[in-house]
$ cat structure14.tsv   # TSV, C-alpha atoms and all ligand atoms
chain	number	residue	atom	x	y	z
A	1	MET	CA	-24.33	197.18	-55.24
A	2	ILE	CA	-27.56	198.70	-56.60
A	3	PRO	CA	-26.92	199.94	-60.15
A	4	PHE	CA	-28.37	203.15	-61.52
A	5	LEU	CA	-29.51	201.28	-64.63
A	6	ASP	CA	-29.26	197.61	-65.62
A	7	LEU	CA	-29.65	197.03	-69.35
A	8	LYS	CA	-28.50	193.43	-69.04
A	9	ALA	CA	-31.55	192.74	-66.87
A	10	GLN	CA	-33.79	194.27	-69.54
A	11	PHE	CA	-32.08	192.12	-72.18
A	12	LYS	CA	-33.03	188.96	-70.28
A	13	THR	CA	-36.71	189.91	-70.55
A	14	VAL	CA	-36.59	190.19	-74.34
A	15	GLN	CA	-33.65	187.92	-75.15
A	16	GLU	CA	-35.42	185.21	-77.15
A	17	PRO	CA	-37.47	187.35	-79.56
A	18	LEU	CA	-34.73	189.98	-79.77
A	19	GLU	CA	-32.03	187.52	-80.77
A	20	ALA	CA	-34.34	185.94	-83.34
A	21	ALA	CA	-35.28	189.33	-84.81
A	22	VAL	CA	-31.68	190.55	-85.03
A	23	LEU	CA	-30.59	187.26	-86.59
A	24	SER	CA	-33.30	187.59	-89.22
A	25	VAL	CA	-31.95	191.01	-90.18
A	26	LEU	CA	-28.38	189.69	-90.33
A	27	ARG	CA	-29.52	186.94	-92.66
A	28	SER	CA	-31.67	189.23	-94.82
A	29	GLY	CA	-28.80	191.27	-96.23
A	30	ASN	CA	-30.93	194.47	-95.89
A	31	TYR	CA	-29.46	196.59	-93.13
A	32	VAL	CA	-30.63	200.20	-93.51
A	33	LEU	CA	-34.27	201.43	-93.67
A	34	GLY	CA	-36.44	198.89	-95.55
A	35	GLU	CA	-39.49	197.00	-94.29
A	36	PRO	CA	-38.28	196.54	-90.67
A	37	VAL	CA	-37.97	200.33	-90.28
A	38	ALA	CA	-41.32	200.95	-92.01
A	39	ALA	CA	-42.99	198.38	-89.75
A	40	PHE	CA	-41.59	199.98	-86.61
A	41	GLU	CA	-42.68	203.41	-87.85
A	42	ARG	CA	-46.27	202.18	-88.21
A	43	ALA	CA	-46.23	200.60	-84.74
A	44	PHE	CA	-44.70	203.65	-83.05
A	45	ALA	CA	-47.08	206.09	-84.80
A	46	GLU	CA	-49.99	204.02	-83.54
A	47	TYR	CA	-48.49	203.92	-80.04
A	48	CYS	CA	-48.18	207.72	-79.98
A	49	GLY	CA	-51.62	208.27	-81.50
A	50	VAL	CA	-50.34	210.12	-84.57
A	51	GLY	CA	-50.55	209.49	-88.30
A	52	GLU	CA	-46.84	209.30	-88.99
A	53	ALA	CA	-43.56	208.33	-87.38
A	54	VAL	CA	-40.29	208.86	-89.21
A	55	ALA	CA	-37.43	206.82	-87.78
A	56	VAL	CA	-34.01	208.44	-87.74
A	57	SER	CA	-30.54	207.76	-86.39
A	58	SER	CA	-30.86	209.48	-82.97
A	59	GLY	CA	-32.94	211.80	-80.85
A	60	THR	CA	-30.63	214.61	-81.86
A	61	ALA	CA	-31.32	213.85	-85.54
A	62	ALA	CA	-35.04	213.87	-84.78
A	63	LEU	CA	-34.81	217.37	-83.29
A	64	HIS	CA	-32.57	218.62	-86.10
A	65	LEU	CA	-34.87	217.39	-88.86
A	66	ALA	CA	-38.07	218.48	-87.08
A	67	LEU	CA	-36.66	222.01	-86.84
A	68	LEU	CA	-35.88	222.00	-90.57
A	69	ALA	CA	-39.31	220.58	-91.41
A	70	ALA	CA	-40.88	223.35	-89.32
A	71	GLY	CA	-39.14	225.86	-91.60
A	72	VAL	CA	-36.43	227.01	-89.18
A	73	GLU	CA	-33.69	228.84	-91.05
A	74	PRO	CA	-30.45	230.67	-90.27
A	75	GLY	CA	-31.23	233.91	-88.48
A	76	ASP	CA	-34.36	232.54	-86.82
A	77	GLU	CA	-34.76	232.23	-83.06
A	78	VAL	CA	-35.90	229.03	-81.39
A	79	ILE	CA	-37.00	229.08	-77.76
A	80	THR	CA	-36.08	226.24	-75.39
A	81	VAL	CA	-34.89	225.69	-71.82
A	82	PRO	CA	-31.40	225.51	-70.27
A	83	MET	CA	-32.41	222.60	-68.00
A	84	THR	CA	-32.10	219.90	-70.67
A	85	PHE	CA	-29.55	217.66	-72.31
A	86	VAL	CA	-27.24	219.70	-74.59
A	87	ALA	CA	-28.68	217.93	-77.66
A	88	THR	CA	-31.79	220.16	-77.59
A	89	VAL	CA	-29.67	223.27	-77.99
A	90	ALA	CA	-27.17	221.61	-80.35
A	91	ALA	CA	-29.98	220.70	-82.76
A	92	ILE	CA	-31.08	224.35	-82.91
A	93	HIS	CA	-27.53	225.26	-83.92
A	94	TYR	CA	-27.50	222.50	-86.57
A	95	ALA	CA	-30.55	224.18	-88.11
A	96	GLY	CA	-28.59	227.44	-88.18
A	97	ALA	CA	-30.89	229.18	-85.72
A	98	LYS	CA	-30.20	231.03	-82.49
A	99	PRO	CA	-31.24	229.23	-79.29
A	100	VAL	CA	-33.15	231.55	-76.98
A	101	LEU	CA	-33.36	230.10	-73.49
A	102	VAL	CA	-36.12	230.57	-70.91
A	103	ASP	CA	-36.26	229.26	-67.37
A	104	VAL	CA	-38.26	226.28	-66.14
A	105	ASP	CA	-41.04	226.02	-63.58
A	106	PRO	CA	-39.69	224.93	-60.18
A	107	ASN	CA	-42.36	222.25	-59.68
A	108	SER	CA	-42.55	220.57	-63.08
A	109	PHE	CA	-38.91	221.28	-64.11
A	110	THR	CA	-40.30	222.09	-67.57
A	111	MET	CA	-40.67	225.28	-69.61
A	112	SER	CA	-42.40	228.16	-67.85
A	113	PRO	CA	-45.22	229.25	-70.20
A	114	GLU	CA	-44.93	232.85	-68.94
A	115	ALA	CA	-41.18	232.92	-69.63
A	116	PHE	CA	-41.84	231.47	-73.09
A	117	GLU	CA	-44.33	234.19	-73.95
A	118	ALA	CA	-42.02	236.92	-72.66
A	119	ALA	CA	-39.18	235.69	-74.92
A	120	ILE	CA	-41.15	235.75	-78.18
A	121	THR	CA	-39.85	238.20	-80.81
A	122	PRO	CA	-40.66	238.69	-84.50
A	123	LEU	CA	-37.72	236.30	-85.20
A	124	THR	CA	-39.14	233.42	-83.12
A	125	ARG	CA	-39.68	230.52	-85.49
A	126	ALA	CA	-40.28	227.55	-83.16
A	127	VAL	CA	-40.53	226.55	-79.51
A	128	VAL	CA	-39.05	223.33	-78.09
A	129	PRO	CA	-40.49	222.38	-74.69
A	130	VAL	CA	-38.68	219.44	-73.06
A	131	HIS	CA	-40.58	216.78	-71.11
A	132	LEU	CA	-37.77	216.57	-68.58
A	133	HIS	CA	-37.44	213.36	-66.57
A	134	GLY	CA	-40.47	211.99	-68.42
A	135	ARG	CA	-42.97	214.53	-67.11
A	136	LEU	CA	-45.08	216.40	-69.65
A	137	ALA	CA	-44.47	220.11	-69.98
A	138	ASP	CA	-47.58	222.31	-69.67
A	139	MET	CA	-48.64	221.64	-73.25
A	140	ALA	CA	-52.05	223.31	-72.86
A	141	ALA	CA	-50.55	226.66	-71.87
A	142	ILE	CA	-47.53	226.45	-74.18
A	143	GLY	CA	-49.71	225.31	-77.09
A	144	ALA	CA	-52.20	228.15	-76.55
A	145	ILE	CA	-49.45	230.79	-76.55
A	146	ALA	CA	-47.72	229.22	-79.57
A	147	ASN	CA	-51.03	229.16	-81.44
A	148	ARG	CA	-51.69	232.77	-80.69
A	149	TYR	CA	-48.33	233.78	-82.19
A	150	GLY	CA	-48.35	231.18	-84.98
A	151	ILE	CA	-45.24	229.42	-83.67
A	152	PRO	CA	-44.80	225.67	-84.33
A	153	VAL	CA	-44.31	223.51	-81.22
A	154	ILE	CA	-41.62	220.82	-81.41
A	155	GLU	CA	-41.70	218.55	-78.37
A	156	ASP	CA	-38.45	217.14	-77.06
A	157	ALA	CA	-40.00	213.86	-75.91
A	158	ALA	CA	-36.66	212.03	-75.69
A	159	GLN	CA	-37.40	211.11	-72.06
A	160	ALA	CA	-41.18	210.82	-72.23
A	161	HIS	CA	-42.30	207.85	-74.37
A	162	GLY	CA	-45.95	207.21	-73.49
A	163	ALA	CA	-46.49	210.12	-71.09
A	164	GLU	CA	-50.11	211.11	-71.48
A	165	ARG	CA	-52.62	213.82	-70.62
A	166	ASP	CA	-56.33	213.58	-71.41
A	167	GLY	CA	-55.66	210.68	-73.75
A	168	ILE	CA	-53.00	212.53	-75.76
A	169	ARG	CA	-49.51	211.14	-75.68
A	170	ALA	CA	-46.12	212.87	-75.69
A	171	GLY	CA	-45.22	213.82	-79.22
A	172	ALA	CA	-48.84	214.24	-80.30
A	173	PHE	CA	-49.40	217.69	-78.75
A	174	GLY	CA	-47.16	219.73	-81.01
A	175	SER	CA	-46.52	219.93	-84.74
A	176	TYR	CA	-43.64	217.49	-84.20
A	177	GLY	CA	-42.61	215.16	-81.40
A	178	CYS	CA	-39.00	214.03	-81.15
A	179	PHE	CA	-37.94	210.78	-79.49
A	180	SER	CA	-34.61	209.20	-78.65
A	181	PHE	CA	-34.10	205.45	-78.52
A	182	TYR	CA	-30.68	205.66	-76.91
A	183	PRO	CA	-30.30	202.40	-74.96
A	184	GLY	CA	-31.00	203.91	-71.53
A	185	LYS	CA	-34.17	205.75	-72.57
A	186	ASN	CA	-37.57	204.30	-71.60
A	187	LEU	CA	-37.72	202.65	-75.03
A	188	GLY	CA	-34.15	201.93	-76.06
A	189	ALA	CA	-32.49	200.38	-79.10
A	190	CYS	CA	-29.31	198.28	-79.04
A	191	GLY	CA	-27.44	201.31	-80.31
A	192	GLU	CA	-28.53	204.73	-81.51
A	193	GLY	CA	-31.99	205.59	-82.77
A	194	GLY	CA	-34.70	208.22	-82.80
A	195	ALA	CA	-38.00	209.22	-84.37
A	196	VAL	CA	-40.07	212.25	-85.29
A	197	VAL	CA	-43.83	211.82	-84.98
A	198	THR	CA	-46.32	214.14	-86.62
A	199	HIS	CA	-49.97	214.35	-87.65
A	200	ASP	CA	-48.93	215.91	-90.96
A	201	SER	CA	-48.28	213.40	-93.75
A	202	LYS	CA	-46.73	216.04	-96.01
A	203	ALA	CA	-44.24	216.90	-93.27
A	204	ALA	CA	-43.50	213.19	-92.85
A	205	ARG	CA	-42.63	212.94	-96.55
A	206	LEU	CA	-40.25	215.88	-96.16
A	207	LEU	CA	-38.65	214.27	-93.08
A	208	ARG	CA	-38.19	210.96	-94.95
A	209	SER	CA	-36.49	212.84	-97.76
A	210	LEU	CA	-34.25	214.87	-95.42
A	211	ARG	CA	-33.03	211.82	-93.49
A	212	ASP	CA	-32.01	210.08	-96.75
A	213	TRP	CA	-29.97	212.57	-98.79
A	214	GLY	CA	-32.91	214.71	-99.86
A	215	GLN	CA	-34.13	211.99	-102.17
A	216	GLU	CA	-37.65	211.59	-103.50
A	217	GLY	CA	-37.37	208.32	-105.35
A	218	ARG	CA	-34.03	206.71	-106.04
A	219	SER	CA	-31.27	209.09	-107.20
A	220	ASN	CA	-33.68	212.01	-107.44
A	221	HIS	CA	-32.16	214.48	-104.96
A	222	VAL	CA	-34.68	217.29	-104.76
A	223	ARG	CA	-33.09	219.10	-101.80
A	224	PRO	CA	-29.83	218.97	-99.86
A	225	GLY	CA	-30.29	216.23	-97.29
A	226	PHE	CA	-28.48	214.20	-94.67
A	227	ASN	CA	-27.56	210.65	-93.79
A	228	LEU	CA	-29.67	210.31	-90.64
A	229	ARG	CA	-31.34	206.95	-91.32
A	230	LEU	CA	-32.24	204.25	-88.83
A	231	ASP	CA	-30.78	200.79	-89.43
A	232	ALA	CA	-32.87	197.64	-89.56
A	233	ILE	CA	-31.28	195.98	-86.52
A	234	GLN	CA	-32.35	198.90	-84.32
A	235	ALA	CA	-35.83	198.87	-85.88
A	236	VAL	CA	-36.46	195.20	-85.08
A	237	ALA	CA	-35.05	195.64	-81.57
A	238	LEU	CA	-37.46	198.52	-80.99
A	239	GLN	CA	-40.33	196.56	-82.53
A	240	VAL	CA	-39.68	193.68	-80.10
A	241	LYS	CA	-39.50	196.02	-77.09
A	242	LEU	CA	-42.44	198.34	-77.88
A	243	PRO	CA	-45.13	195.94	-76.56
A	244	TYR	CA	-43.30	195.90	-73.20
A	245	LEU	CA	-43.15	199.68	-72.87
A	246	ASP	CA	-46.43	200.30	-71.03
A	247	GLY	CA	-45.70	197.52	-68.55
A	248	TRP	CA	-42.23	198.95	-67.96
A	249	THR	CA	-43.76	202.39	-67.42
A	250	GLN	CA	-46.15	200.95	-64.80
A	251	LYS	CA	-43.15	199.51	-62.98
A	252	ARG	CA	-41.38	202.87	-63.05
A	253	ARG	CA	-44.51	204.50	-61.59
A	254	ARG	CA	-44.71	201.90	-58.84
A	255	ILE	CA	-41.08	202.54	-57.91
A	256	ALA	CA	-41.72	206.30	-57.86
A	257	ALA	CA	-44.74	205.74	-55.60
A	258	ALA	CA	-42.61	203.61	-53.28
A	259	TYR	CA	-39.93	206.33	-53.04
A	260	GLU	CA	-42.68	208.85	-52.28
A	261	ARG	CA	-44.05	206.66	-49.51
A	262	LEU	CA	-40.68	205.78	-48.02
A	263	LEU	CA	-39.05	209.22	-48.24
A	264	GLY	CA	-42.09	211.41	-47.57
A	265	ASP	CA	-41.09	212.15	-43.97
A	266	THR	CA	-37.50	213.20	-44.69
A	267	GLU	CA	-36.30	216.73	-45.40
A	268	LEU	CA	-35.44	215.65	-48.95
A	269	GLN	CA	-37.48	217.42	-51.56
A	270	LEU	CA	-39.29	214.88	-53.73
A	271	PRO	CA	-40.64	215.52	-57.25
A	272	ALA	CA	-43.97	217.36	-57.10
A	273	PRO	CA	-46.89	215.00	-57.64
A	274	ALA	CA	-48.01	214.74	-61.26
A	275	ARG	CA	-51.28	213.33	-62.55
A	276	HIS	CA	-50.74	209.57	-62.85
A	277	ALA	CA	-50.52	209.33	-66.62
A	278	GLU	CA	-48.44	212.40	-67.33
A	279	HIS	CA	-45.16	211.17	-65.82
A	280	VAL	CA	-43.23	208.14	-67.10
A	281	PHE	CA	-40.31	208.57	-64.67
A	282	HIS	CA	-37.36	208.31	-66.99
A	283	VAL	CA	-35.63	209.97	-64.04
A	284	TYR	CA	-36.66	210.23	-60.37
A	285	ALA	CA	-34.79	213.25	-59.01
A	286	ILE	CA	-34.87	214.30	-55.38
A	287	GLN	CA	-33.40	217.61	-54.28
A	288	SER	CA	-30.97	218.41	-51.50
A	289	GLU	CA	-28.59	221.27	-50.71
A	290	GLU	CA	-26.13	218.54	-49.69
A	291	ARG	CA	-26.46	216.66	-52.96
A	292	ASP	CA	-22.77	215.96	-53.54
A	293	ARG	CA	-22.16	214.66	-50.02
A	294	LEU	CA	-25.32	212.59	-50.13
A	295	ARG	CA	-24.25	211.12	-53.44
A	296	ALA	CA	-20.81	210.15	-52.12
A	297	GLU	CA	-22.31	208.58	-49.00
A	298	LEU	CA	-24.84	206.62	-51.03
A	299	ALA	CA	-22.03	205.34	-53.24
A	300	LYS	CA	-20.23	204.12	-50.11
A	301	ALA	CA	-23.45	202.35	-49.09
A	302	GLY	CA	-23.56	200.61	-52.48
A	303	VAL	CA	-26.22	202.78	-54.15
A	304	SER	CA	-25.44	204.28	-57.57
A	305	THR	CA	-27.08	207.58	-58.41
A	306	GLY	CA	-26.94	210.07	-61.29
A	307	ILE	CA	-27.32	213.82	-61.86
A	308	HIS	CA	-29.54	215.10	-64.68
A	309	TYR	CA	-28.08	217.63	-65.18
A	310	PRO	CA	-25.30	219.07	-63.02
A	311	ARG	CA	-24.88	222.16	-65.20
A	312	PRO	CA	-27.59	223.91	-67.21
A	313	VAL	CA	-26.75	224.37	-70.89
A	314	HIS	CA	-26.18	228.14	-70.61
A	315	LEU	CA	-23.29	227.52	-68.19
A	316	GLN	CA	-21.59	224.87	-70.34
A	317	PRO	CA	-18.37	226.17	-71.92
A	318	ALA	CA	-19.58	225.02	-75.35
A	319	TYR	CA	-22.48	227.48	-75.16
A	320	ALA	CA	-20.69	230.47	-73.65
A	321	GLY	CA	-21.19	232.10	-77.05
A	322	LEU	CA	-24.92	232.41	-76.35
A	323	GLY	CA	-23.96	235.21	-73.98
A	324	TYR	CA	-25.80	234.08	-70.86
A	325	GLU	CA	-24.36	234.39	-67.37
A	326	PRO	CA	-24.72	232.70	-64.00
A	327	GLY	CA	-27.92	234.02	-62.43
A	328	ASP	CA	-29.78	234.35	-65.74
A	329	PHE	CA	-31.92	231.24	-65.07
A	330	PRO	CA	-32.11	230.91	-61.28
A	331	VAL	CA	-34.58	228.00	-61.21
A	332	SER	CA	-32.53	225.86	-63.60
A	333	GLU	CA	-29.33	226.74	-61.76
A	334	ARG	CA	-30.81	225.83	-58.39
A	335	LEU	CA	-32.11	222.51	-59.73
A	336	ALA	CA	-28.73	221.71	-61.30
A	337	ARG	CA	-27.13	222.23	-57.89
A	338	ARG	CA	-29.71	220.15	-56.00
A	339	PHE	CA	-30.86	217.33	-58.32
A	340	LEU	CA	-29.95	213.78	-57.40
A	341	SER	CA	-31.38	210.99	-59.57
A	342	LEU	CA	-32.19	207.75	-57.75
A	343	PRO	CA	-32.15	204.35	-59.45
A	344	ILE	CA	-35.45	203.81	-61.28
A	345	PHE	CA	-35.73	201.15	-63.97
A	346	PRO	CA	-38.35	198.44	-64.52
A	347	GLU	CA	-36.20	195.56	-63.27
A	348	LEU	CA	-35.41	197.27	-59.95
A	349	VAL	CA	-37.19	195.15	-57.33
A	350	ALA	CA	-38.98	196.32	-54.17
A	351	PRO	CA	-36.24	195.23	-51.70
A	352	GLN	CA	-33.71	197.26	-53.71
A	353	VAL	CA	-35.99	200.31	-53.66
A	354	ALA	CA	-36.32	199.88	-49.90
A	355	ARG	CA	-32.54	199.67	-49.57
A	356	VAL	CA	-32.05	202.90	-51.53
A	357	ALA	CA	-34.62	204.63	-49.33
A	358	SER	CA	-33.19	203.34	-46.06
A	359	ALA	CA	-29.67	204.38	-47.10
A	360	LEU	CA	-31.03	207.88	-47.72
A	361	ILE	CA	-33.00	207.96	-44.46
A	362	ARG	CA	-29.91	206.87	-42.52
A	363	ARG	CA	-27.87	209.71	-44.07
A	364	CYS	CA	-30.59	212.24	-43.18
A	365	GLU	CA	-30.77	210.98	-39.58
A	366	GLU	CA	-26.99	211.04	-39.14
A	367	ARG	CA	-26.96	214.61	-40.33
A	368	HIS	CA	-29.53	215.59	-37.72
A	369	PHE	CA	-27.57	213.77	-35.07
A	370	HIS	CA	-24.42	215.72	-35.95
A	371	ALA	CA	-26.38	218.95	-36.15
A	372	ALA	CA	-27.73	218.32	-32.63
A	373	ASP	CA	-24.18	217.53	-31.47
A	374	ALA	CA	-22.77	220.80	-32.70
A	401	LIG	C1	-31.35	211.77	-74.92
A	401	LIG	C2	-31.87	213.13	-75.17
A	401	LIG	C3	-31.70	213.77	-76.41
A	401	LIG	C4	-30.81	213.26	-77.49
A	401	LIG	O1	-31.09	211.98	-77.93
A	401	LIG	P1	-29.92	211.11	-78.61
A	401	LIG	O2	-30.64	209.89	-79.09
A	401	LIG	O3	-28.92	210.80	-77.56
A	401	LIG	O4	-29.34	211.91	-79.73
A	401	LIG	C5	-32.30	215.01	-76.60
A	401	LIG	N1	-33.01	215.59	-75.62
A	401	LIG	C6	-33.17	215.02	-74.42
A	401	LIG	C7	-33.99	215.72	-73.39
A	401	LIG	C8	-32.59	213.78	-74.14
A	401	LIG	O5	-32.75	213.23	-72.94
$ encode --input "structure14.tsv" --output "structure tokens"
Amino acid sequence: MIPFLDLKAQFKTVQEPLEAAVLSVLRSGNYVLGEPVAAFERAFAEYCGVGEAVAVSSGTAALHLALLAAGVEPGDEVITVPMTFVATVAAIHYAGAKPVLVDVDPNSFTMSPEAFEAAITPLTRAVVPVHLHGRLADMAAIGAIANRYGIPVIEDAAQAHGAERDGIRAGAFGSYGCFSFYPGKNLGACGEGGAVVTHDSKAARLLRSLRDWGQEGRSNHVRPGFNLRLDAIQAVALQVKLPYLDGWTQKRRRIAAAYERLLGDTELQLPAPARHAEHVFHVYAIQSEERDRLRAELAKAGVSTGIHYPRPVHLQPAYAGLGYEPGDFPVSERLARRFLSLPIFPELVAPQVARVASALIRRCEERHFHAADA
């Protein structure tokens, strides 16, 4: 059986330092925020090439607090995409704003800059492009439009740790960059975690206050805040894993290149080529009109796959209240129908990649055989 993800294999790589670091927190008696969190914040800010990182309890918390720090208020509109995890849209609701959705580009699967510009109104208060699957959205075009209208850009970089264009890393393009450290993300904690990165040290102070009950100094609550802190065990786990991240990303890219080589001659639609540095392959999604059958047949052949995501947010029952209908975002809807995510994680070895590819090729050939039969 080839798993879709194998976190136990990743644990083996970091077991010794990780166990020692977690044990040191257990023995310290200091479990929430504190020096371990501050140390990870410094390391992650440096990794992203920004002045500040503010660690929080999840990627969702990062988005929620970044929206508040950007000044989003009830009645405002925030533009994002329907082809994302529901958390992006949920966070906009937490901030009291109205999510305004725009379709994605069919090649990059990320926000269409033209659709973004067309959706801007006097109520637009922020834009949240999503670096879906680990591929950077078109930050040059989106940033230029946002600048022209004076709209803050909040990157949903939950899948894109370390993705880079022209030396700038995910999270460093916009006013705020939001990361998730959910265990299966490219940099994952041993539980929940997230971070907001920013160049703005004043904004970072506000974020640190918001995540910790609106305090500025002990028991001085200057604004209504939240309990969205990171705990020290997650911080040391992330600190131990961060030095491995670039090596893990290289392995993901090598696997993606192998899929491209092995599957290039099939009728399966592969992800459009991206410049080397701008994709960190959190997900490698092929497309097929026969996705569901392909997925079942691969499962029978011992290959686990995933779907990210089978239904765009505007067609989820929870978001029916937004008032969108099937057909409103044809690109997202088509991708949701066709996406099939293949196993891609750093510990996946070449023979396993070859087995996934040959299982797919066999299914494609059988289909042709039957088609010729009929
Ligand atoms: C994972 C993810 C989130 C939410 O992060 P959590 O840590 O699970 O709260 C938000 N947006 C995207 C695109 C994600 O993949």
$ atom_distance --input "structure14.tsv" --atom1 "atom CA of Gly214 of chain A" --atom2 "atom CA of Ala146 of chain A"
29.0 Å
$ axis_aligned_box --input "structure14.tsv" --around "segment 247-260 of chain A" --padding-each-side "4 Å" --output "JSON"
{"center_x": -43.0, "center_y": 203.2, "center_z": -60.4, "size_x": 14.2, "size_y": 19.3, "size_z": 24.3}
$ residues_around --input "structure14.tsv" --residues "Gln287 of chain A" --least-positions-apart "2" --cutoff "8 Å" --atoms "all atoms listed in the file" --output "PyMOL selection string"
chain A and resi 268-270+285+289+291+335+338-340
$ residues_near_point --input "structure14.tsv" --point "(-49.7, 218.5, -80.8)" --cutoff "9 Å" --atoms "all atoms listed in the file" --output "PDB file with C-alpha atoms, in the frame of the given file"
ATOM      1  CA  MET A 139     -48.640 221.640 -73.250  1.00  0.00           C
ATOM      2  CA  GLY A 143     -49.710 225.310 -77.090  1.00  0.00           C
ATOM      3  CA  VAL A 153     -44.310 223.510 -81.220  1.00  0.00           C
ATOM      4  CA  ILE A 154     -41.620 220.820 -81.410  1.00  0.00           C
ATOM      5  CA  GLU A 155     -41.700 218.550 -78.370  1.00  0.00           C
ATOM      6  CA  ILE A 168     -53.000 212.530 -75.760  1.00  0.00           C
ATOM      7  CA  ARG A 169     -49.510 211.140 -75.680  1.00  0.00           C
ATOM      8  CA  ALA A 170     -46.120 212.870 -75.690  1.00  0.00           C
ATOM      9  CA  GLY A 171     -45.220 213.820 -79.220  1.00  0.00           C
ATOM     10  CA  ALA A 172     -48.840 214.240 -80.300  1.00  0.00           C
ATOM     11  CA  PHE A 173     -49.400 217.690 -78.750  1.00  0.00           C
ATOM     12  CA  GLY A 174     -47.160 219.730 -81.010  1.00  0.00           C
ATOM     13  CA  SER A 175     -46.520 219.930 -84.740  1.00  0.00           C
ATOM     14  CA  TYR A 176     -43.640 217.490 -84.200  1.00  0.00           C
ATOM     15  CA  GLY A 177     -42.610 215.160 -81.400  1.00  0.00           C
ATOM     16  CA  THR A 198     -46.320 214.140 -86.620  1.00  0.00           C
ATOM     17  CA  HIS A 199     -49.970 214.350 -87.650  1.00  0.00           C
TER      18      HIS A 199
END
$ atom_distance --input "structure14.tsv" --atom1 "atom CA of Tyr182 of chain A" --atom2 "atom CA of Ala318 of chain A"
22.4 Å
$ residues_near_ligand --input "structure14.tsv" --ligand "ligand LIG 401 (chain A)" --cutoff "8 Å" --atoms "only C-alpha atoms and all ligand atoms" --output "count of residues only"
28
$ closest_residue --input "structure14.tsv" --among "A:Tyr149, A:Ile120, A:Val196, A:Leu68" --to "Gly225 of chain A" --atoms "only C-alpha atoms"
A:Leu68
$ closest_residue --input "structure14.tsv" --among "A:Met111, A:Val104, A:Leu67, A:Ala160" --to "Ala126 of chain A" --atoms "only C-alpha atoms"
A:Leu67
$ closest_residue --input "structure14.tsv" --among "A:Leu23, A:Ile344, A:Ala69, A:Val128" --to "Val89 of chain A" --atoms "all atoms listed in the file"
A:Val128
$ closest_residue --input "structure14.tsv" --among "A:Ala203, A:Leu187, A:Leu18, A:Val54" --to "Asp246 of chain A" --atoms "only C-alpha atoms"
A:Leu187
$ atom_distance --input "structure14.tsv" --atom1 "atom CA of Leu5 of chain A" --atom2 "atom CA of Tyr309 of chain A"
16.4 Å
$ closest_residue --input "structure14.tsv" --among "A:Asp105, A:Glu52, A:Asp76, A:Glu365" --to "Ser201 of chain A" --atoms "all atoms listed in the file"
A:Glu52
$ closest_residue --input "structure14.tsv" --among "A:Gly29, A:Gly71, A:Gly134, A:Pro243" --to "Pro152 of chain A" --atoms "only C-alpha atoms"
A:Gly71
$ residues_around --input "structure14.tsv" --residues "Gly302 of chain A" --least-positions-apart "4" --cutoff "10 Å" --atoms "all atoms listed in the file" --output "ChimeraX atom specification"
/A:1-3,296-298,355-356,359
$ residues_around --input "structure14.tsv" --residues "Ala277 of chain A" --least-positions-apart "5" --cutoff "9 Å" --atoms "only C-alpha atoms" --output "PyMOL selection string"
chain A and resi 162-167
$ residues_around --input "structure14.tsv" --residues "Ile255 of chain A" --least-positions-apart "6" --cutoff "9 Å" --atoms "all atoms listed in the file" --output "list in words"
Ile344, Phe345, Pro346, Leu348, Val349, Ala350 and Val353 of chain A
$ residues_around --input "structure14.tsv" --residues "Arg42 of chain A" --least-positions-apart "5" --cutoff "9 Å" --atoms "only C-alpha atoms" --output "ChimeraX atom specification"
/A:37,47,51-53
$ residues_near_point --input "structure14.tsv" --point "(-27.0, 231.6, -89.7)" --cutoff "10 Å" --atoms "only C-alpha atoms" --output "number ranges by chain"
A: 73-76, 93-98
